[in-house]
file input-v6.txt (compact mmCIF, C-alpha atoms)
# COMPACT_ATOMS: atom_id res chain seq x y z
CA MET J 1 -9.66 2.63 -17.21
CA LEU J 2 -6.02 2.59 -16.07
CA ASN J 3 -5.04 1.33 -19.52
CA TYR J 4 -5.95 4.69 -20.97
CA LEU J 5 -5.05 6.79 -17.97
CA TRP J 6 -1.55 5.42 -17.53
CA GLY J 7 -0.71 5.44 -21.22
CA SER J 8 -2.01 8.93 -21.80
CA MET J 9 -0.16 10.36 -18.79
CA ILE J 10 3.13 9.18 -20.26
CA LEU J 11 2.28 10.10 -23.86
CA ILE J 12 1.02 13.57 -22.95
CA GLY J 13 4.17 14.09 -20.87
CA ILE J 14 6.50 13.11 -23.68
CA ILE J 15 4.64 15.03 -26.38
CA PHE J 16 4.52 18.09 -24.14
CA SER J 17 8.23 17.90 -23.42
CA VAL J 18 9.02 17.72 -27.14
CA PHE J 19 7.24 21.03 -27.66
CA SER J 20 8.66 22.73 -24.58
CA GLY J 21 12.19 21.46 -25.24
CA ASN J 22 12.37 19.40 -22.05
CA LEU J 23 12.86 16.04 -23.70
CA SER J 24 16.17 15.45 -21.91
CA CYS J 25 14.39 15.35 -18.53
CA ILE J 26 12.21 12.38 -19.42
CA THR J 27 14.86 9.69 -18.93
CA ASN J 28 15.84 11.04 -15.52
CA ALA J 29 12.22 11.40 -14.48
CA ALA J 30 11.51 7.78 -15.37
CA ILE J 31 14.57 6.37 -13.63
CA ASN J 32 14.35 8.49 -10.50
CA SER J 33 10.63 7.90 -10.03
CA SER J 34 11.02 4.14 -10.20
CA LYS J 35 13.84 4.27 -7.64
CA GLU J 36 11.69 6.36 -5.39
CA ALA J 37 8.87 3.82 -5.52
CA VAL J 38 11.26 1.34 -3.91
CA THR J 39 12.08 3.56 -0.91
CA ILE J 40 8.42 4.33 -0.40
CA CYS J 41 7.52 0.66 -0.37
CA LEU J 42 10.19 0.01 2.26
CA THR J 43 8.56 2.54 4.60
CA MET J 44 5.12 1.15 3.79
CA LEU J 45 6.37 -2.33 4.57
CA GLY J 46 6.97 -1.33 8.19
CA VAL J 47 3.89 0.75 8.87
CA LEU J 48 1.39 -1.38 6.99
CA THR J 49 2.68 -4.65 8.41
CA MET J 50 2.33 -3.25 11.93
CA TRP J 51 -1.25 -2.19 11.19
CA THR J 52 -2.42 -5.41 9.52
CA GLY J 53 -0.92 -7.39 12.40
CA LEU J 54 -2.88 -5.38 14.92
CA MET J 55 -6.06 -5.65 12.86
CA LYS J 56 -5.71 -9.41 12.62
CA ILE J 57 -6.03 -9.52 16.42
CA ALA J 58 -9.18 -7.40 16.16
CA GLU J 59 -10.57 -9.73 13.54
CA LYS J 60 -9.73 -13.01 15.25
CA SER J 61 -10.87 -11.94 18.72
CA GLY J 62 -14.30 -11.08 17.30
CA LEU J 63 -13.92 -7.35 17.94
CA ILE J 64 -14.86 -6.56 14.35
CA ASP J 65 -18.02 -8.69 14.59
CA ALA J 66 -18.91 -7.03 17.89
CA LEU J 67 -18.53 -3.61 16.30
CA SER J 68 -20.71 -4.66 13.36
CA GLU J 69 -23.40 -5.63 15.81
CA LYS J 70 -23.22 -2.16 17.39
CA MET J 71 -23.78 -0.65 13.94
CA MET J 72 -27.24 -2.20 13.63
CA PRO J 73 -29.35 0.74 14.88
CA LEU J 74 -27.62 3.04 12.39
CA LEU J 75 -28.06 0.52 9.59
CA LYS J 76 -31.77 0.22 10.39
CA PHE J 77 -32.04 3.96 9.87
CA LEU J 78 -30.11 3.86 6.58
CA PHE J 79 -31.87 0.81 5.16
CA PRO J 80 -35.36 0.85 6.68
CA HIS J 81 -36.76 -1.69 4.18
CA LEU J 82 -34.06 -4.28 4.65
CA PRO J 83 -34.78 -7.09 7.16
CA LYS J 84 -32.35 -7.05 10.08
CA GLN J 85 -31.32 -10.70 9.77
CA SER J 86 -30.74 -10.57 6.01
CA LYS J 87 -27.31 -11.56 4.73
CA ALA J 88 -27.08 -8.25 2.89
CA MET J 89 -27.27 -6.39 6.19
CA GLN J 90 -24.43 -8.45 7.64
CA TYR J 91 -22.20 -7.92 4.63
CA ILE J 92 -22.94 -4.20 4.63
CA SER J 93 -21.94 -3.84 8.26
CA THR J 94 -18.74 -5.84 7.72
CA ASN J 95 -17.93 -3.65 4.74
CA ILE J 96 -18.48 -0.44 6.70
CA ILE J 97 -16.43 -1.56 9.72
CA ALA J 98 -13.60 -2.83 7.51
CA ASN J 99 -13.61 0.46 5.61
CA MET J 100 -13.48 2.42 8.86
CA LEU J 101 -10.42 0.48 9.98
CA GLY J 102 -8.76 0.87 6.59
CA LEU J 103 -8.91 -2.84 5.74
CA SER J 104 -9.69 -2.46 2.08
CA TRP J 105 -8.88 -6.08 1.28
CA ALA J 106 -11.60 -7.15 3.71
CA ALA J 107 -14.00 -4.37 2.74
CA THR J 108 -14.16 -5.02 -1.00
CA PRO J 109 -15.16 -8.72 -0.89
CA ALA J 110 -17.81 -7.98 1.75
CA GLY J 111 -19.07 -5.05 -0.30
CA LEU J 112 -19.35 -7.13 -3.48
CA LYS J 113 -21.25 -9.83 -1.58
CA ALA J 114 -23.56 -7.21 -0.13
CA MET J 115 -24.37 -5.99 -3.65
CA ASP J 116 -24.95 -9.57 -4.70
CA GLU J 117 -27.45 -10.12 -1.88
CA LEU J 118 -29.17 -6.80 -2.63
CA GLN J 119 -29.49 -7.81 -6.26
CA LYS J 120 -31.28 -11.03 -5.24
CA ILE J 121 -34.12 -9.02 -3.67
CA ASN J 122 -34.07 -6.32 -6.35
CA PRO J 123 -37.26 -6.47 -8.47
CA ASP J 124 -35.66 -4.78 -11.50
CA LYS J 125 -32.34 -6.48 -12.24
CA GLU J 126 -31.05 -3.68 -14.48
CA THR J 127 -31.83 -0.74 -12.21
CA ALA J 128 -30.14 -0.03 -8.91
CA SER J 129 -32.39 -0.37 -5.87
CA ARG J 130 -32.70 2.31 -3.21
CA GLU J 131 -30.58 0.21 -0.86
CA MET J 132 -27.82 -0.18 -3.45
CA CYS J 133 -27.66 3.57 -4.04
CA MET J 134 -27.48 4.30 -0.31
CA PHE J 135 -24.82 1.66 0.25
CA MET J 136 -22.69 2.80 -2.66
CA ILE J 137 -22.86 6.51 -1.81
CA ILE J 138 -21.91 5.88 1.83
CA ASN J 139 -19.14 3.58 0.70
CA MET J 140 -17.76 6.31 -1.58
CA SER J 141 -18.00 9.07 1.01
CA SER J 142 -14.87 7.53 2.60
CA LEU J 143 -15.23 6.02 6.04
CA GLN J 144 -11.64 5.43 7.02
CA ILE J 145 -10.77 6.50 10.58
CA VAL J 146 -6.99 6.26 10.25
CA SER J 147 -5.35 6.60 6.85
CA VAL J 148 -2.33 4.42 7.54
CA ASN J 149 -0.99 4.73 4.00
CA ILE J 150 -0.97 8.52 4.10
CA ILE J 151 0.85 8.45 7.45
CA ALA J 152 3.46 6.11 5.99
CA TYR J 153 3.97 8.33 2.95
CA ARG J 154 4.28 11.40 5.15
CA SER J 155 6.95 9.80 7.31
CA GLN J 156 8.83 8.72 4.19
CA TYR J 157 9.10 12.40 3.22
CA ASN J 158 10.40 13.39 6.68
CA SER J 159 7.29 14.88 8.21
CA GLN J 160 7.89 16.19 11.74
CA ASN J 161 4.63 14.62 12.85
CA PRO J 162 3.27 12.18 10.26
CA SER J 163 0.15 11.33 12.24
CA GLU J 164 -0.97 14.92 12.88
CA ILE J 165 -3.49 14.57 10.03
CA ILE J 166 -5.53 11.83 11.74
CA GLY J 167 -7.76 14.31 13.62
CA PRO J 168 -8.40 16.69 10.71
CA GLY J 169 -8.84 13.73 8.36
CA LEU J 170 -11.42 12.20 10.69
CA LEU J 171 -13.38 15.45 10.87
CA ALA J 172 -13.37 15.87 7.09
CA THR J 173 -14.45 12.25 6.66
CA LEU J 174 -17.29 12.85 9.10
CA VAL J 175 -18.45 15.83 7.03
CA SER J 176 -18.43 13.90 3.75
CA THR J 177 -20.23 10.90 5.27
CA ILE J 178 -22.95 13.00 6.92
CA VAL J 179 -23.46 14.91 3.67
CA ALA J 180 -23.66 11.57 1.85
CA ILE J 181 -26.41 10.28 4.14
CA VAL J 182 -28.45 13.49 4.09
CA ILE J 183 -28.16 13.98 0.35
CA THR J 184 -29.11 10.36 -0.37
CA LYS J 185 -32.17 10.61 1.86
CA ILE J 186 -33.18 13.72 -0.09
CA LEU J 187 -32.39 12.26 -3.53
CA GLU J 188 -34.29 9.04 -2.90
CA ARG J 189 -37.39 11.03 -2.03
CA TYR J 190 -37.42 12.78 -5.41
CA ASP J 191 -36.44 9.79 -7.53
CA LYS J 192 -39.29 7.44 -8.37
CA MET H 1 -4.17 17.65 17.30
CA PHE H 2 -5.40 15.93 20.43
CA ILE H 3 -7.47 13.26 18.62
CA SER H 4 -4.55 12.56 16.29
CA ASP H 5 -2.33 11.56 19.19
CA LEU H 6 -5.03 9.52 20.89
CA ILE H 7 -6.30 7.22 18.15
CA MET H 8 -3.27 4.97 17.79
CA PRO H 9 -2.86 4.32 21.55
CA ILE H 10 -6.60 3.67 21.87
CA ALA H 11 -6.46 1.17 19.01
CA PHE H 12 -3.55 -0.67 20.62
CA VAL H 13 -5.01 -0.78 24.13
CA GLY H 14 -8.53 -1.65 22.99
CA ILE H 15 -7.47 -4.42 20.63
CA ILE H 16 -4.93 -5.98 22.99
CA LEU H 17 -7.31 -6.01 25.97
CA TYR H 18 -10.17 -7.39 23.86
CA GLY H 19 -7.83 -10.09 22.58
CA TYR H 20 -6.89 -11.08 26.13
CA SER H 21 -10.53 -11.16 27.21
CA LYS H 22 -11.31 -13.61 24.40
CA ASN H 23 -8.28 -15.72 25.27
CA ILE H 24 -6.59 -15.71 21.87
CA ASP H 25 -2.84 -15.84 21.23
CA ILE H 26 -2.46 -12.19 20.43
CA TYR H 27 1.22 -12.30 19.57
CA GLU H 28 0.91 -15.17 17.12
CA THR H 29 -2.14 -13.57 15.60
CA PHE H 30 -0.23 -10.34 15.18
CA ILE H 31 2.55 -12.14 13.31
CA GLU H 32 0.01 -13.92 11.12
CA GLY H 33 -1.65 -10.62 10.21
CA ALA H 34 1.69 -8.92 9.67
CA LYS H 35 2.41 -11.43 6.93
CA ASP H 36 -0.73 -10.23 5.13
CA GLY H 37 0.70 -6.72 5.34
CA ILE H 38 3.86 -7.79 3.54
CA MET H 39 1.75 -9.31 0.78
CA THR H 40 -0.25 -6.11 0.46
CA VAL H 41 2.89 -4.04 0.01
CA PHE H 42 4.22 -6.49 -2.57
CA GLN H 43 0.97 -6.15 -4.44
CA ILE H 44 1.15 -2.35 -4.33
CA PHE H 45 4.76 -2.17 -5.43
CA PRO H 46 4.36 -2.75 -9.20
CA THR H 47 1.45 -0.26 -9.37
CA LEU H 48 3.46 2.30 -7.47
CA VAL H 49 6.43 1.98 -9.83
CA GLY H 50 4.17 2.26 -12.87
CA LEU H 51 2.20 5.24 -11.66
CA MET H 52 5.11 7.15 -10.15
CA VAL H 53 7.01 6.89 -13.40
CA ALA H 54 3.99 8.18 -15.33
CA VAL H 55 3.46 11.07 -12.92
CA GLY H 56 7.19 11.82 -12.87
CA ILE H 57 7.24 12.13 -16.66
CA LEU H 58 4.09 14.21 -16.68
CA ARG H 59 5.53 16.62 -14.12
CA GLU H 60 9.03 16.92 -15.59
CA SER H 61 7.53 17.68 -19.00
CA GLY H 62 5.84 20.76 -17.56
CA ALA H 63 2.39 19.55 -18.63
CA LEU H 64 1.01 19.64 -15.08
CA ASP H 65 2.24 23.19 -14.50
CA PHE H 66 0.64 24.21 -17.78
CA PHE H 67 -2.70 22.74 -16.68
CA CYS H 68 -2.47 24.36 -13.22
CA LYS H 69 -1.65 27.76 -14.67
CA TYR H 70 -5.02 27.94 -16.41
CA ILE H 71 -7.27 26.70 -13.61
CA GLY H 72 -5.11 28.12 -10.81
CA PRO H 73 -6.41 31.71 -10.76
CA PHE H 74 -9.98 30.51 -10.14
CA SER H 75 -9.13 28.10 -7.34
CA GLU H 76 -6.73 30.44 -5.56
CA LYS H 77 -9.54 32.95 -5.16
CA VAL H 78 -10.99 30.63 -2.52
CA GLY H 79 -7.56 29.78 -1.13
CA PHE H 80 -7.23 26.37 -2.80
CA PRO H 81 -3.60 25.85 -3.90
CA LYS H 82 -3.44 25.40 -7.68
CA ASP H 83 -0.93 22.57 -7.47
CA ALA H 84 -3.50 20.46 -5.63
CA ILE H 85 -5.96 20.58 -8.56
CA PRO H 86 -4.63 17.68 -10.68
CA LEU H 87 -4.67 15.51 -7.55
CA THR H 88 -8.25 16.51 -6.74
CA PHE H 89 -9.51 15.36 -10.14
CA MET H 90 -7.35 12.27 -10.28
CA ARG H 91 -8.52 11.21 -6.83
CA LEU H 92 -12.03 10.59 -8.20
CA ILE H 93 -10.68 8.37 -10.96
CA SER H 94 -7.81 6.29 -9.65
CA SER H 95 -6.42 5.69 -6.20
CA SER H 96 -2.94 4.72 -7.34
CA ALA H 97 -2.59 7.54 -9.85
CA SER H 98 -3.62 10.05 -7.19
CA THR H 99 -1.09 8.52 -4.80
CA GLY H 100 1.58 9.26 -7.40
CA LEU H 101 0.50 12.91 -7.47
CA LEU H 102 0.33 13.03 -3.66
CA LEU H 103 3.94 11.87 -3.35
CA ASP H 104 4.91 14.39 -5.98
CA ILE H 105 3.48 17.20 -3.85
CA PHE H 106 5.26 15.83 -0.75
CA LYS H 107 8.52 15.81 -2.69
CA LYS H 108 8.08 19.32 -4.00
CA TYR H 109 6.69 21.10 -0.93
CA GLY H 110 7.20 18.67 1.97
CA PRO H 111 4.38 16.93 3.88
CA ASP H 112 4.33 19.64 6.59
CA SER H 113 3.61 22.52 4.21
CA PHE H 114 0.06 23.84 3.95
CA ILE H 115 -0.53 22.09 0.63
CA GLY H 116 1.10 18.91 1.98
CA ARG H 117 -1.28 18.82 4.92
CA LEU H 118 -4.26 19.75 2.77
CA VAL H 119 -3.71 16.90 0.33
CA SER H 120 -3.11 14.47 3.21
CA VAL H 121 -6.48 15.37 4.72
CA MET H 122 -8.18 15.39 1.32
CA MET H 123 -6.87 11.93 0.44
CA SER H 124 -8.32 10.60 3.70
CA CYS H 125 -11.84 11.93 3.18
CA THR H 126 -12.43 11.30 -0.54
CA GLU H 127 -12.79 8.13 -2.57
CA THR H 128 -12.26 6.88 -6.12
CA VAL H 129 -15.86 7.41 -7.19
CA PHE H 130 -15.68 6.35 -10.83
CA TYR H 131 -13.61 3.27 -10.18
CA THR H 132 -15.79 2.07 -7.28
CA ILE H 133 -19.04 2.60 -9.15
CA SER H 134 -17.86 0.65 -12.16
CA ILE H 135 -16.47 -2.27 -10.13
CA TYR H 136 -19.50 -2.69 -7.88
CA PHE H 137 -22.30 -2.16 -10.36
CA MET H 138 -20.60 -4.10 -13.11
CA SER H 139 -20.24 -7.09 -10.79
CA ILE H 140 -24.03 -7.44 -10.56
CA LYS H 141 -24.80 -6.16 -14.09
CA ILE H 142 -26.76 -3.07 -13.06
CA LYS H 143 -27.15 -0.64 -15.96
CA LYS H 144 -29.14 2.22 -14.44
CA ILE H 145 -27.42 3.59 -11.35
CA ARG H 146 -29.99 6.36 -10.76
CA TYR H 147 -28.70 9.06 -8.39
CA THR H 148 -25.59 7.18 -7.19
CA LEU H 149 -23.04 9.25 -9.13
CA LYS H 150 -24.72 12.53 -8.24
CA GLY H 151 -24.82 11.68 -4.53
CA ALA H 152 -21.24 10.41 -4.42
CA LEU H 153 -19.89 13.48 -6.22
CA ILE H 154 -21.73 15.86 -3.89
CA ALA H 155 -20.41 14.01 -0.82
CA ASN H 156 -16.87 14.15 -2.18
CA LEU H 157 -17.18 17.83 -3.08
CA PHE H 158 -18.16 18.56 0.51
CA GLY H 159 -15.21 16.44 1.65
CA ILE H 160 -12.86 18.58 -0.46
CA ILE H 161 -14.34 21.85 0.85
CA ALA H 162 -14.20 20.52 4.42
CA SER H 163 -10.53 19.53 3.97
CA LEU H 164 -9.64 23.05 2.89
CA TYR H 165 -11.33 24.75 5.84
CA ILE H 166 -10.36 22.13 8.43
CA THR H 167 -6.70 22.29 7.35
CA LYS H 168 -6.85 26.07 7.62
CA ILE H 169 -8.35 25.91 11.11
CA PHE H 170 -6.03 23.20 12.43
CA PHE H 171 -2.77 24.38 10.92
CA GLY H 172 -3.46 28.01 10.07
call {"tool": "encode", "arguments": {"input": "input-v6.txt", "output": "structure tokens"}}
result
Amino acid sequence: MLNYLWGSMILIGIIFSVFSGNLSCITNAAINSSKEAVTICLTMLGVLTMWTGLMKIAEKSGLIDALSEKMMPLLKFLFPHLPKQSKAMQYISTNIIANMLGLSWAATPAGLKAMDELQKINPDKETASREMCMFMIINMSSLQIVSVNIIAYRSQYNSQNPSEIIGPGLLATLVSTIVAIVITKILERYDK
Amino acid sequence: MFISDLIMPIAFVGIILYGYSKNIDIYETFIEGAKDGIMTVFQIFPTLVGLMVAVGILRESGALDFFCKYIGPFSEKVGFPKDAIPLTFMRLISSSASTGLLLDIFKKYGPDSFIGRLVSVMMSCTETVFYTISIYFMSIKIKKIRYTLKGALIANLFGIIASLYITKIFFG
């Protein structure tokens, strides 16, 4: 998808600038943007490294596993037909916890394994099961508690208080996740 | 504002104390994890250069302004800044491309402007729906995804609406 997206963004930009007589800006735009990517990565390097270090402690001490265990009652409600001890359930809870903590590199592998396990017990291998739909929709409703990247970007552009968006972001995330759960419960009732 | 200031300290205290209670070398573990962070940034760097250049060209050419000018009047009726529209659509398609647009808004208006705060909140409560669906379902060769797309789009739409109103309430 990015093959087309990236190419067309540049092509549309250049074609547009030919017609609007802005062609001279393109070179500057390209050079300045690439320089800016470097400064942003330097800020990211600090903030993200701090966060992954902290999260490694959470992972190694078993805090993440303990939190996954606490998720079980909620997961039973979301996936009533899935046995509690099934591997799929474990992967789903790891995926959700990792997503909440903003550990996307840990969330994606667990999520893919969860889908794999769900596929094993799926009677129709070409059609998504109810559990898959629920899992995917929750996953895409965004679960992240702290958006570390956004905070890093904000501080790079001299925000007075880069982390002030944590609270509002959390509330908005809560709204989208609750809507996701409710809407999926409704949709699965009407879809045979 | 209160929760915003509390979450980081809670994370530090909770994780450090839990680490002590399980008797692990928290400092060494921190360093080990920090190395992963460096790798993550190195992996992001090429994407960021590529996408920021593309967005930079798109913006300098005036194409984005042109697009906003036509949809703007509709969105501004509900108080949604027109310059946040390209980001809103892009967010559903690609995380890195939308990051490019996010930084562009920060550069133009500053992260503490209304639109800067709005897009910060919006980026934290929405997800790259199309990308995620294709990766996950393709990996297990599912062809019929039933109501997944519908459900995910509705959840994200509510996330966008919530961002707008929550930003207004928190930051006026």
call {"tool": "residues_around", "arguments": {"input": "input-v6.txt", "residues": "Ile93 (chain H)", "least_positions_apart": "2", "cutoff": "6 Å", "atoms": "only C-alpha atoms", "output": "VMD selection string"}}
result
chain H and resid 90 to 91 128 130 to 131
call {"tool": "residues_near_point", "arguments": {"input": "input-v6.txt", "point": "(-29.0, 11.3, -1.7)", "cutoff": "10 Å", "atoms": "all atoms listed in the file", "output": "list in words"}}
result
Arg130, Cys133, Met134, Ile137, Ile138, Val179, Ala180, Ile181, Val182, Ile183, Thr184, Lys185, Ile186, Leu187, Glu188, Arg189, Tyr190 and Asp191 of chain J; Tyr147, Thr148, Leu149, Lys150, Gly151, Ala152, Ile154 and Ala155 of chain H
call {"tool": "closest_residue", "arguments": {"input": "input-v6.txt", "among": "J:Gln85, J:Thr52, J:Thr94, J:Thr39", "to": "chain H", "atoms": "all atoms listed in the file"}}
result
J:Thr52
call {"tool": "closest_residue", "arguments": {"input": "input-v6.txt", "among": "J:Ile92, J:Ala152, J:Leu42, J:Met140", "to": "chain H", "atoms": "all atoms listed in the file"}}
result
J:Met140
call {"tool": "closest_residue", "arguments": {"input": "input-v6.txt", "among": "J:Leu63, J:Ile40, J:Ala98, J:Met136", "to": "Glu127 (chain H)", "atoms": "all atoms listed in the file"}}
result
J:Met136
call {"tool": "residues_around", "arguments": {"input": "input-v6.txt", "residues": "region 166-171 of chain J", "least_positions_apart": "5", "cutoff": "7 Å", "atoms": "all atoms listed in the file", "output": "PyMOL selection string"}}
result
(chain J and resi 145-146) or (chain H and resi 1+3-4+121+124-125+166-167)
call {"tool": "decode", "arguments": {"input": "input-v6.txt", "residues": "region 116-159 of chain H", "atoms": "C-alpha atoms", "output": "mmCIF file, in the first residue's frame"}}
result
data_model
loop_
_atom_site.group_PDB
_atom_site.id
_atom_site.type_symbol
_atom_site.label_atom_id
_atom_site.label_comp_id
_atom_site.auth_asym_id
_atom_site.auth_seq_id
_atom_site.Cartn_x
_atom_site.Cartn_y
_atom_site.Cartn_z
ATOM 1 C CA GLY H 116 -1.977 20.832 17.643
ATOM 2 C CA ARG H 117 -3.647 19.443 20.747
ATOM 3 C CA LEU H 118 -6.565 18.046 18.782
ATOM 4 C CA VAL H 119 -4.351 16.053 16.432
ATOM 5 C CA SER H 120 -2.234 14.835 19.369
ATOM 6 C CA VAL H 121 -5.338 13.444 21.074
ATOM 7 C CA MET H 122 -6.724 12.093 17.808
ATOM 8 C CA MET H 123 -3.498 10.253 16.990
ATOM 9 C CA SER H 124 -3.645 8.561 20.396
ATOM 10 C CA CYS H 125 -7.192 7.244 20.070
ATOM 11 C CA THR H 126 -7.325 6.084 16.438
ATOM 12 C CA GLU H 127 -5.582 3.288 14.575
ATOM 13 C CA THR H 128 -4.456 2.409 11.055
ATOM 14 C CA VAL H 129 -7.550 0.385 10.222
ATOM 15 C CA PHE H 130 -6.825 -0.590 6.628
ATOM 16 C CA TYR H 131 -3.227 -1.528 7.265
ATOM 17 C CA THR H 132 -4.019 -3.611 10.359
ATOM 18 C CA ILE H 133 -6.882 -5.473 8.708
ATOM 19 C CA SER H 134 -4.788 -6.429 5.710
ATOM 20 C CA ILE H 135 -1.780 -7.566 7.764
ATOM 21 C CA TYR H 136 -3.739 -9.674 10.236
ATOM 22 C CA PHE H 137 -6.271 -11.285 7.948
ATOM 23 C CA MET H 138 -3.784 -11.872 5.164
ATOM 24 C CA SER H 139 -1.503 -13.716 7.583
ATOM 25 C CA ILE H 140 -4.135 -16.421 8.097
ATOM 26 C CA LYS H 141 -5.654 -16.237 4.583
ATOM 27 C CA ILE H 142 -9.124 -15.089 5.613
ATOM 28 C CA LYS H 143 -11.080 -13.735 2.644
ATOM 29 C CA LYS H 144 -14.410 -12.739 4.181
ATOM 30 C CA ILE H 145 -13.925 -10.339 7.071
ATOM 31 C CA ARG H 146 -17.666 -9.866 7.731
ATOM 32 C CA TYR H 147 -18.384 -6.795 9.879
ATOM 33 C CA THR H 148 -14.780 -6.105 10.934
ATOM 34 C CA LEU H 149 -14.245 -3.039 8.729
ATOM 35 C CA LYS H 150 -17.638 -1.577 9.596
ATOM 36 C CA GLY H 151 -17.060 -1.991 13.335
ATOM 37 C CA ALA H 152 -13.520 -0.615 13.244
ATOM 38 C CA LEU H 153 -14.544 2.441 11.217
ATOM 39 C CA ILE H 154 -17.433 3.231 13.568
ATOM 40 C CA ALA H 155 -15.137 2.933 16.616
ATOM 41 C CA ASN H 156 -12.589 5.234 14.995
ATOM 42 C CA LEU H 157 -15.246 7.734 13.959
ATOM 43 C CA PHE H 158 -16.369 7.945 17.579
ATOM 44 C CA GLY H 159 -12.727 8.344 18.595
#
